Structures are given as structure tokens and as C-alpha cells.
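Single-structure report; data block below.
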Amino acid sequence: MTRLKKAYCRISFLAAVFIFISAMMFMAFHTEVYAASNDLQGIEGLTPPAENEGLLDAKSDSTNGFSFNYNNDTGSLSTPVRALLVLTIIALAPSLLIMLTSYTRIIIVLHFIRTAIGTQSSPPNQVMIGLALFMTFFIMWPTFQEINEKAIVPLDNGEITFEQAMEEAEAPLRTFMEGQTLDKDLALFIDAAGESYNRDEEVPMVMLIPAFILSEMRYAFIMGFVIYIPFIVIDMVVASVLMSMGMMMLPPTTISLPFKILLFIMADGWNLVIANLMKTFY
């Protein structure tokens with residue numbers, strides 16, 4: 001059986017090689033090559049029109065006759081280009097959402113709440129991220145709407161060029177970030193670059209964006225500290241009571257967790273934190 005298998009494999013391999021060589025020889029001897037020429041009279045029924053004479057001189061053109069028109073130079077985007085831009089925006093959306101919006105401050109504060117209460121996985125990460133995303137869309141909606149009205153719609157209608165649309169889209173984001181960025185954080189990056197600017201509008205985005213992120217983290221940690229204080233007091237009280245009762249082996253967090261949850265519910269903590277968190281952006 002082993003010899004039969006080896007013989008079968010060899011015969012199959014030789015047959016495959018023979019078929020491949022035969023196919024290549026057939027294609028080589030039966031392929032006709034047509035070349036474009038200036039004289040199309042030899043082709044029946046075809047006469048080169050006068051307006052297409054420039055296309056017949058492709059060999060003399062360094063671009064081989066290839067040209068690219070930006071939708072008849074109107075400035076509007078065709079469907080393939082629009083799809084390409086949409087895919088690019090989708091790929092960069094997570095980074096843009098974190099760097100240029102209120103998402104950073106919101107998600108950090110929500111994680112501080114969960115850590116301060118002491119619940120390890122409640123609310124789960126999916127709920128925290130979803131709440132942060134919808135809060136970001138709610139807070140940034142006026143900015144997004146202004147970008148759509150001043151940049152996306154005029155560009156789609158062909159009223160402005162792509163460069164002008166980028167400038168119009170940058171202005172609302174710059175206004176939002178400048179309102180949330182501390183002067184000392186912005187000065188940190190300006191001094192590091194060795195530059196000086198008379199107005200905030202002259203500061204490039206490459207300096208404004210990291211300063212904005214630094215300010216967002218600063219605000220988030222300040223709010224996290226304030227959130228931690230009442231829960232730390234509960235932990236201290238519970239630990240003192242357990243020590244006075246001689247329960248040294250009982251973890252204080254096991255007893256303090258229900259009291260911290262009760263305090264958070266009685267104070268309507270979610271409403272209080274979310275409302276004050278949104279007020280920090282206005």
C-alpha cells in the first residue's frame with residue numbers, strides 16, 4: 001500500500017505539472033496583443049474624433065495619458081472619495097474622540113466613582129464606556145453641529161475647497177479646547193517648543209491638543225479626589241469600629257461596602273455626579 005501511495009502521488013504531481021505547462025503554452029501561442037496607435041482607421045467603424053487626439057499621444061506624455069479630475073473641479077466629493085474619507089474617519093475616530101472631546105474627563109471620573117465605592121466590576125466597563133460616549137456626544141453636539149454646517153455641508157455642495165473645510169472644522173474644536181485648557185498647561189508646551197505667541201488663536205494644534213488632554217486629566221483627578229472623601233470617611237469609621245470590637249481579621253471593606261452603596265443611593269450619587277460633571281464644560 002505504501003508503494004501504491006507513493007506511485008499515485010508521483011503520477012498526480014507529474015499530471016499537474018503537465019497540465020500547467022500545457023496551459024501556459026496554449027496561452028503563449030494563442031494570445032493576441034493589441035497596441036494603441038494614432039491611426040485607428042485600420043479598425044472597422046472607428047475614427048478618432050478631433051477632441052480625443054490628446055488621448056492618442058499617451059506615449060509622449062510623462063503621465064501616460066492619466067489625469068485626475070476633482071469631480072469636474074467643483075470641489076464636491078464623489079461617492080468613492082467620500083467612502084474613502086468615511087473609512088479614514090472611522091479608523092481615526094477612537095483617537096480623535098479621546099484627544100479632542102470631553103471623553104477623557106468623563107471616563108476618568110466614572111472610573112474614580114467605581115473605585116471609590118469599591119465595586120470591582122459594577123457597573124461593567126461596557127456600561128461605563130457607553131455612558132461616557134453618549135455624554136460626550138451630548139456635550140459636543142453643538143460643536144459637531146457647527147462643524148457640519150460650516151465645513152461638511154459647504155464642502156459637499158462644492159462651495160468651498162477641502163483646505164477651507166479643514167480650517168472651518170478646526171475653528172469650533174479650537175474654541176472648545178481653548179475654553180477647557182488651563183493657561184499654565186498651554187504655556188508648558190509653548191515654552192518647551194521655545195516659541196511665543198501673542199494670541200491663543202496663533203497656537204498650533206500640535207501644542208493645543210496635548211495641553212487640552214493634560215488639563216482634562218487635571219480636572220478629572222480633582223473631581224476624583226472630591227468623590228473619594230466621603231467614602232474614605234466611611235472606611236475609617238468602619239475600620240475603627242471593627243478594631244474597637246476586636247475583629248482584627250475581618251476586612252473592613254466587606255462591612256463598609258454596603259454602607260458606601262447606601263450612601264451613594266441616598267445622596268442620588270449618579271444624578272449628582274453626572275450633573276456636576278456636565279456643568280464643568282459650560
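Chain identifiers are assigned as A, B, and so on, following the order in which chains appear in the C-alpha cells; residues are numbered from 1 within each chain, and ligands are numbered from 1 in order of appearance.
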Mind running range 213-239 of chain A against range 163-182 of chain A at 9 Å and telling me each contacting residue's nearest atom pair with the distance in Å (one decimal), counting only C-alpha atoms, chain and number ascending, as JSON lines?
```
{"residue": "A:Ile213", "atom": "CA", "partner": "A:Thr181", "partner_atom": "CA", "distance": 8.1}
{"residue": "A:Leu214", "atom": "CA", "partner": "A:Thr181", "partner_atom": "CA", "distance": 8.1}
{"residue": "A:Ser215", "atom": "CA", "partner": "A:Thr181", "partner_atom": "CA", "distance": 5.5}
{"residue": "A:Glu216", "atom": "CA", "partner": "A:Gln180", "partner_atom": "CA", "distance": 7.5}
```
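Among the candidate residues A:Ile129, A:Ile108, A:Leu84, A:Ala267, the one lying nearest to Phe225 in chain A is A:Ile108, with distances computed using only C-alpha atoms.
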I'd like the contact shell of Phe138 in chain A - 12 Å cut-off, only C-alpha atoms, skipping same-chain residues fewer than 3 positions apart - returned as JSON, numbers by chain. {"A": [101, 102, 103, 106, 131, 132, 133, 134, 135, 141, 142, 143, 144, 145, 278, 281]}
Export all heavy atoms of the chosen residues as a CSV table (one decimal), in the first residue's frame?
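part.csv was written with the following content:
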```csv
chain,number,residue,atom,x,y,z
A,101,THR,N,-12.2,65.7,22.5
A,101,THR,CA,-13.5,65.9,23.1
A,101,THR,C,-13.5,65.8,24.6
A,101,THR,O,-12.4,65.7,25.2
A,101,THR,CB,-14.5,64.9,22.5
A,101,THR,OG1,-14.1,63.5,22.9
A,101,THR,CG2,-14.6,64.9,21.0
A,102,SER,N,-14.6,65.8,25.2
A,102,SER,CA,-14.7,65.7,26.6
A,102,SER,C,-14.7,64.3,27.2
A,102,SER,O,-14.9,64.0,28.4
A,102,SER,CB,-16.1,66.3,27.1
A,102,SER,OG,-17.2,65.7,26.5
A,103,TYR,N,-14.4,63.3,26.3
A,103,TYR,CA,-14.5,61.9,26.7
A,103,TYR,C,-13.4,61.6,27.8
A,103,TYR,O,-13.7,60.8,28.7
A,103,TYR,CB,-14.2,61.0,25.5
A,103,TYR,CG,-14.2,59.5,25.8
A,103,TYR,CD1,-15.4,58.8,25.8
A,103,TYR,CD2,-13.0,58.8,26.0
A,103,TYR,CE1,-15.4,57.5,26.1
A,103,TYR,CE2,-13.0,57.5,26.2
A,103,TYR,CZ,-14.2,56.8,26.3
A,103,TYR,OH,-14.2,55.4,26.5
A,106,ILE,N,-14.6,62.5,31.3
A,106,ILE,CA,-15.8,61.8,31.8
A,106,ILE,C,-15.5,60.4,32.2
A,106,ILE,O,-15.9,59.9,33.2
A,106,ILE,CB,-16.9,61.8,30.6
A,106,ILE,CG1,-17.4,63.2,30.4
A,106,ILE,CG2,-18.0,60.9,31.0
A,106,ILE,CD1,-18.3,63.3,29.2
A,131,LEU,N,-21.9,55.0,28.6
A,131,LEU,CA,-22.4,56.3,29.2
A,131,LEU,C,-21.4,57.4,28.9
A,131,LEU,O,-21.9,58.6,28.6
A,131,LEU,CB,-22.5,56.1,30.7
A,131,LEU,CG,-22.9,57.3,31.6
A,131,LEU,CD1,-24.3,57.8,31.1
A,131,LEU,CD2,-22.9,57.0,33.1
A,132,ALA,N,-20.1,57.2,28.9
A,132,ALA,CA,-19.2,58.2,28.6
A,132,ALA,C,-19.3,58.7,27.1
A,132,ALA,O,-19.2,59.9,26.8
A,132,ALA,CB,-17.7,57.7,28.9
A,133,LEU,N,-19.6,57.7,26.2
A,133,LEU,CA,-19.7,58.1,24.8
A,133,LEU,C,-21.0,59.0,24.6
A,133,LEU,O,-20.9,60.0,23.9
A,133,LEU,CB,-19.8,56.8,24.0
A,133,LEU,CG,-18.5,56.1,23.7
A,133,LEU,CD1,-18.8,54.8,23.0
A,133,LEU,CD2,-17.5,56.9,22.9
A,134,PHE,N,-22.1,58.6,25.2
A,134,PHE,CA,-23.3,59.3,25.0
A,134,PHE,C,-23.2,60.7,25.7
A,134,PHE,O,-23.8,61.7,25.1
A,134,PHE,CB,-24.5,58.5,25.5
A,134,PHE,CG,-25.0,57.5,24.5
A,134,PHE,CD1,-24.7,56.2,24.7
A,134,PHE,CD2,-25.8,57.9,23.4
A,134,PHE,CE1,-25.1,55.2,23.8
A,134,PHE,CE2,-26.2,56.9,22.5
A,134,PHE,CZ,-25.9,55.6,22.7
A,135,MET,N,-22.6,60.8,26.8
A,135,MET,CA,-22.4,62.1,27.4
A,135,MET,C,-21.5,63.0,26.6
A,135,MET,O,-21.7,64.2,26.5
A,135,MET,CB,-21.8,61.9,28.8
A,135,MET,CG,-22.7,61.3,29.9
A,135,MET,SD,-22.0,61.2,31.5
A,135,MET,CE,-21.6,63.0,31.8
A,141,TRP,N,-22.3,68.1,21.0
A,141,TRP,CA,-23.2,68.2,19.9
A,141,TRP,C,-23.3,69.6,19.3
A,141,TRP,O,-23.3,69.7,18.1
A,141,TRP,CB,-24.6,67.8,20.4
A,141,TRP,CG,-25.6,67.8,19.2
A,141,TRP,CD1,-26.6,68.7,19.0
A,141,TRP,CD2,-25.7,66.9,18.1
A,141,TRP,NE1,-27.3,68.4,17.9
A,141,TRP,CE2,-26.8,67.3,17.3
A,141,TRP,CE3,-24.9,65.8,17.8
A,141,TRP,CZ2,-27.1,66.6,16.2
A,141,TRP,CZ3,-25.3,65.1,16.6
A,141,TRP,CH2,-26.3,65.5,15.8
A,142,PRO,N,-23.3,70.7,20.1
A,142,PRO,CA,-23.2,72.0,19.4
A,142,PRO,C,-21.9,72.2,18.6
A,142,PRO,O,-22.0,72.8,17.5
A,142,PRO,CB,-23.2,73.0,20.6
A,142,PRO,CG,-23.9,72.2,21.7
A,142,PRO,CD,-23.4,70.8,21.5
A,143,THR,N,-20.8,71.6,19.0
A,143,THR,CA,-19.6,71.7,18.3
A,143,THR,C,-19.7,70.9,17.0
A,143,THR,O,-19.3,71.4,15.9
A,143,THR,CB,-18.4,71.3,19.1
A,143,THR,OG1,-18.3,72.1,20.3
A,143,THR,CG2,-17.1,71.4,18.3
A,144,PHE,N,-20.2,69.7,17.1
A,144,PHE,CA,-20.3,68.8,15.9
A,144,PHE,C,-21.3,69.5,14.9
A,144,PHE,O,-21.1,69.4,13.7
A,144,PHE,CB,-20.8,67.5,16.3
A,144,PHE,CG,-19.8,66.7,17.1
A,144,PHE,CD1,-20.2,65.6,18.0
A,144,PHE,CD2,-18.5,66.9,17.0
A,144,PHE,CE1,-19.3,64.9,18.7
A,144,PHE,CE2,-17.5,66.2,17.7
A,144,PHE,CZ,-18.0,65.2,18.6
A,145,GLN,N,-22.4,70.1,15.4
A,145,GLN,CA,-23.4,70.7,14.5
A,145,GLN,C,-22.8,71.9,13.8
A,145,GLN,O,-23.0,72.1,12.6
A,145,GLN,CB,-24.6,71.1,15.3
A,145,GLN,CG,-25.8,71.5,14.5
A,145,GLN,CD,-27.0,71.7,15.4
A,145,GLN,OE1,-26.9,71.8,16.6
A,145,GLN,NE2,-28.2,71.8,14.7
A,278,MET,N,-21.2,67.6,33.9
A,278,MET,CA,-21.6,68.3,32.6
A,278,MET,C,-21.5,69.8,32.8
A,278,MET,O,-21.1,70.5,31.9
A,278,MET,CB,-23.0,67.9,32.2
A,278,MET,CG,-23.1,66.5,31.7
A,278,MET,SD,-24.8,66.2,30.9
A,278,MET,CE,-25.8,66.4,32.4
A,281,PHE,N,-18.3,71.8,31.8
A,281,PHE,CA,-18.0,72.1,30.4
A,281,PHE,C,-18.7,73.3,29.9
A,281,PHE,O,-18.5,73.7,28.8
A,281,PHE,CB,-18.3,70.9,29.5
A,281,PHE,CG,-17.5,69.7,29.7
A,281,PHE,CD1,-17.9,68.7,30.5
A,281,PHE,CD2,-16.2,69.6,29.1
A,281,PHE,CE1,-17.1,67.6,30.7
A,281,PHE,CE2,-15.4,68.5,29.3
A,281,PHE,CZ,-15.8,67.5,30.1
```
Tell me, as a ChimeraX atom specification, which residues lie within 9 Å of Ala239 in chain A, counting only C-alpha atoms; anything in the same chain fewer than 6 positions away does not count. /A:251-253,255-256
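Restricting the calculation to only C-alpha atoms, the smallest distance between Leu100 in chain A and any of A:Met128, A:Ile209, A:Asn157, A:Leu87 is found for A:Ile209.
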Selection near Ile190 in chain A, 12 Å with only C-alpha atoms, sequence-local residues under 6 positions removed, as a PDB file with all heavy atoms, in the first residue's frame:
```
ATOM      1  N   ASP A 183      -4.127  77.903  31.247  1.00  0.00           N
ATOM      2  CA  ASP A 183      -3.041  78.686  30.659  1.00  0.00           C
ATOM      3  C   ASP A 183      -1.666  78.090  30.979  1.00  0.00           C
ATOM      4  O   ASP A 183      -0.767  78.103  30.136  1.00  0.00           O
ATOM      5  CB  ASP A 183      -3.111  80.137  31.155  1.00  0.00           C
ATOM      6  CG  ASP A 183      -4.364  80.845  30.646  1.00  0.00           C
ATOM      7  OD1 ASP A 183      -4.900  80.418  29.600  1.00  0.00           O
ATOM      8  OD2 ASP A 183      -4.805  81.821  31.298  1.00  0.00           O
ATOM      9  N   LYS A 184      -1.506  77.556  32.194  1.00  0.00           N
ATOM     10  CA  LYS A 184      -0.200  77.020  32.551  1.00  0.00           C
ATOM     11  C   LYS A 184       0.116  75.732  31.784  1.00  0.00           C
ATOM     12  O   LYS A 184       1.277  75.455  31.491  1.00  0.00           O
ATOM     13  CB  LYS A 184      -0.115  76.783  34.054  1.00  0.00           C
ATOM     14  CG  LYS A 184      -1.144  75.816  34.609  1.00  0.00           C
ATOM     15  CD  LYS A 184      -0.946  75.661  36.110  1.00  0.00           C
ATOM     16  CE  LYS A 184      -1.968  74.710  36.723  1.00  0.00           C
ATOM     17  NZ  LYS A 184      -1.760  74.578  38.186  1.00  0.00           N
ATOM     18  N   SER A 196       6.799  81.708  21.086  1.00  0.00           N
ATOM     19  CA  SER A 196       5.990  82.708  21.791  1.00  0.00           C
ATOM     20  C   SER A 196       4.891  83.183  20.848  1.00  0.00           C
ATOM     21  O   SER A 196       5.134  83.404  19.657  1.00  0.00           O
ATOM     22  CB  SER A 196       6.855  83.894  22.238  1.00  0.00           C
ATOM     23  OG  SER A 196       7.441  84.540  21.124  1.00  0.00           O
ATOM     24  N   TYR A 197       3.693  83.296  21.400  1.00  0.00           N
ATOM     25  CA  TYR A 197       2.537  83.698  20.604  1.00  0.00           C
ATOM     26  C   TYR A 197       1.807  84.809  21.339  1.00  0.00           C
ATOM     27  O   TYR A 197       1.673  84.796  22.565  1.00  0.00           O
ATOM     28  CB  TYR A 197       1.590  82.517  20.381  1.00  0.00           C
ATOM     29  CG  TYR A 197       2.256  81.349  19.677  1.00  0.00           C
ATOM     30  CD1 TYR A 197       2.778  80.284  20.415  1.00  0.00           C
ATOM     31  CD2 TYR A 197       2.367  81.320  18.293  1.00  0.00           C
ATOM     32  CE1 TYR A 197       3.382  79.213  19.778  1.00  0.00           C
ATOM     33  CE2 TYR A 197       2.986  80.253  17.649  1.00  0.00           C
ATOM     34  CZ  TYR A 197       3.483  79.203  18.394  1.00  0.00           C
ATOM     35  OH  TYR A 197       4.093  78.149  17.774  1.00  0.00           O
ATOM     36  N   ASN A 198       1.331  85.801  20.553  1.00  0.00           N
ATOM     37  CA  ASN A 198       0.629  86.946  21.137  1.00  0.00           C
ATOM     38  C   ASN A 198      -0.819  86.601  21.476  1.00  0.00           C
ATOM     39  O   ASN A 198      -1.384  87.163  22.409  1.00  0.00           O
ATOM     40  CB  ASN A 198       0.673  88.131  20.178  1.00  0.00           C
ATOM     41  CG  ASN A 198       2.093  88.621  19.930  1.00  0.00           C
ATOM     42  OD1 ASN A 198       2.944  88.574  20.829  1.00  0.00           O
ATOM     43  ND2 ASN A 198       2.372  89.069  18.708  1.00  0.00           N
ATOM     44  N   ASP A 200      -4.005  83.347  21.608  1.00  0.00           N
ATOM     45  CA  ASP A 200      -4.236  81.903  21.671  1.00  0.00           C
ATOM     46  C   ASP A 200      -4.572  81.323  20.306  1.00  0.00           C
ATOM     47  O   ASP A 200      -4.326  80.139  20.050  1.00  0.00           O
ATOM     48  CB  ASP A 200      -5.373  81.601  22.653  1.00  0.00           C
ATOM     49  CG  ASP A 200      -4.990  81.928  24.093  1.00  0.00           C
ATOM     50  OD1 ASP A 200      -3.776  82.006  24.373  1.00  0.00           O
ATOM     51  OD2 ASP A 200      -5.908  82.104  24.915  1.00  0.00           O
ATOM     52  N   GLU A 202      -3.128  81.847  17.624  1.00  0.00           N
ATOM     53  CA  GLU A 202      -1.910  81.571  16.871  1.00  0.00           C
ATOM     54  C   GLU A 202      -1.232  80.279  17.301  1.00  0.00           C
ATOM     55  O   GLU A 202      -0.327  79.796  16.614  1.00  0.00           O
ATOM     56  CB  GLU A 202      -0.926  82.734  17.030  1.00  0.00           C
ATOM     57  CG  GLU A 202      -1.458  84.069  16.516  1.00  0.00           C
ATOM     58  CD  GLU A 202      -0.488  85.202  16.776  1.00  0.00           C
ATOM     59  OE1 GLU A 202       0.559  84.946  17.409  1.00  0.00           O
ATOM     60  OE2 GLU A 202      -0.771  86.329  16.346  1.00  0.00           O
ATOM     61  N   VAL A 203      -1.648  79.713  18.417  1.00  0.00           N
ATOM     62  CA  VAL A 203      -1.027  78.481  18.910  1.00  0.00           C
ATOM     63  C   VAL A 203      -1.420  77.326  17.991  1.00  0.00           C
ATOM     64  O   VAL A 203      -2.610  77.103  17.737  1.00  0.00           O
ATOM     65  CB  VAL A 203      -1.467  78.181  20.351  1.00  0.00           C
ATOM     66  CG1 VAL A 203      -0.853  76.885  20.846  1.00  0.00           C
ATOM     67  CG2 VAL A 203      -1.091  79.327  21.267  1.00  0.00           C
ATOM     68  N   PRO A 204      -0.482  76.557  17.464  1.00  0.00           N
ATOM     69  CA  PRO A 204      -0.829  75.443  16.572  1.00  0.00           C
ATOM     70  C   PRO A 204      -1.507  74.311  17.329  1.00  0.00           C
ATOM     71  O   PRO A 204      -1.376  74.169  18.550  1.00  0.00           O
ATOM     72  CB  PRO A 204       0.532  75.009  15.997  1.00  0.00           C
ATOM     73  CG  PRO A 204       1.534  75.476  16.995  1.00  0.00           C
ATOM     74  CD  PRO A 204       0.978  76.732  17.593  1.00  0.00           C
ATOM     75  N   MET A 205      -2.238  73.496  16.587  1.00  0.00           N
ATOM     76  CA  MET A 205      -2.976  72.386  17.193  1.00  0.00           C
ATOM     77  C   MET A 205      -2.042  71.365  17.818  1.00  0.00           C
ATOM     78  O   MET A 205      -2.417  70.674  18.771  1.00  0.00           O
ATOM     79  CB  MET A 205      -3.850  71.716  16.134  1.00  0.00           C
ATOM     80  CG  MET A 205      -4.969  72.591  15.606  1.00  0.00           C
ATOM     81  SD  MET A 205      -6.251  72.912  16.831  1.00  0.00           S
ATOM     82  CE  MET A 205      -7.048  71.317  16.880  1.00  0.00           C
ATOM     83  N   VAL A 206      -0.834  71.241  17.309  1.00  0.00           N
ATOM     84  CA  VAL A 206       0.104  70.258  17.851  1.00  0.00           C
ATOM     85  C   VAL A 206       0.498  70.592  19.286  1.00  0.00           C
ATOM     86  O   VAL A 206       0.939  69.721  20.036  1.00  0.00           O
ATOM     87  CB  VAL A 206       1.352  70.167  16.943  1.00  0.00           C
ATOM     88  CG1 VAL A 206       2.191  71.427  17.050  1.00  0.00           C
ATOM     89  CG2 VAL A 206       2.178  68.937  17.258  1.00  0.00           C
ATOM     90  N   MET A 207       0.348  71.835  19.694  1.00  0.00           N
ATOM     91  CA  MET A 207       0.594  72.239  21.078  1.00  0.00           C
ATOM     92  C   MET A 207      -0.706  72.308  21.886  1.00  0.00           C
ATOM     93  O   MET A 207      -0.713  72.027  23.081  1.00  0.00           O
ATOM     94  CB  MET A 207       1.289  73.594  21.128  1.00  0.00           C
ATOM     95  CG  MET A 207       2.650  73.626  20.485  1.00  0.00           C
ATOM     96  SD  MET A 207       3.409  75.255  20.631  1.00  0.00           S
ATOM     97  CE  MET A 207       4.893  75.013  19.646  1.00  0.00           C
ATOM     98  N   LEU A 208      -1.795  72.684  21.208  1.00  0.00           N
ATOM     99  CA  LEU A 208      -3.060  72.843  21.919  1.00  0.00           C
ATOM    100  C   LEU A 208      -3.639  71.500  22.351  1.00  0.00           C
ATOM    101  O   LEU A 208      -4.185  71.378  23.453  1.00  0.00           O
ATOM    102  CB  LEU A 208      -4.062  73.590  21.030  1.00  0.00           C
ATOM    103  CG  LEU A 208      -5.449  73.854  21.623  1.00  0.00           C
ATOM    104  CD1 LEU A 208      -5.347  74.691  22.889  1.00  0.00           C
ATOM    105  CD2 LEU A 208      -6.344  74.535  20.592  1.00  0.00           C
ATOM    106  N   ILE A 209      -3.519  70.478  21.521  1.00  0.00           N
ATOM    107  CA  ILE A 209      -4.117  69.182  21.826  1.00  0.00           C
ATOM    108  C   ILE A 209      -3.501  68.538  23.072  1.00  0.00           C
ATOM    109  O   ILE A 209      -4.225  68.118  23.978  1.00  0.00           O
ATOM    110  CB  ILE A 209      -4.038  68.249  20.600  1.00  0.00           C
ATOM    111  CG1 ILE A 209      -4.945  68.774  19.493  1.00  0.00           C
ATOM    112  CG2 ILE A 209      -4.432  66.818  20.968  1.00  0.00           C
ATOM    113  CD1 ILE A 209      -4.854  67.995  18.197  1.00  0.00           C
ATOM    114  N   PRO A 210      -2.163  68.416  23.180  1.00  0.00           N
ATOM    115  CA  PRO A 210      -1.629  67.819  24.429  1.00  0.00           C
ATOM    116  C   PRO A 210      -1.903  68.673  25.660  1.00  0.00           C
ATOM    117  O   PRO A 210      -2.094  68.136  26.758  1.00  0.00           O
ATOM    118  CB  PRO A 210      -0.124  67.701  24.151  1.00  0.00           C
ATOM    119  CG  PRO A 210       0.145  68.639  23.037  1.00  0.00           C
ATOM    120  CD  PRO A 210      -1.094  68.684  22.212  1.00  0.00           C
ATOM    121  N   ALA A 211      -1.922  70.005  25.507  1.00  0.00           N
ATOM    122  CA  ALA A 211      -2.268  70.859  26.644  1.00  0.00           C
ATOM    123  C   ALA A 211      -3.716  70.631  27.072  1.00  0.00           C
ATOM    124  O   ALA A 211      -4.023  70.606  28.277  1.00  0.00           O
ATOM    125  CB  ALA A 211      -2.040  72.325  26.276  1.00  0.00           C
TER     126      ALA A 211
END
```
Val233 in chain A proximity check over A:Ala192, A:Leu272, A:Met140, A:Ile117, using only C-alpha atoms: winner is A:Ile117
If you run DSSP on the backbone, which residues of range 182-272 of chain A are helix (DSSP H, G or I), as a PyMOL selection string? chain A and resi 183-193+200-202+205-244+252-266+269-272
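In this model, the gap between CA of Ile227 in chain A and CA of Ala116 in chain A comes to 7.3 Å.
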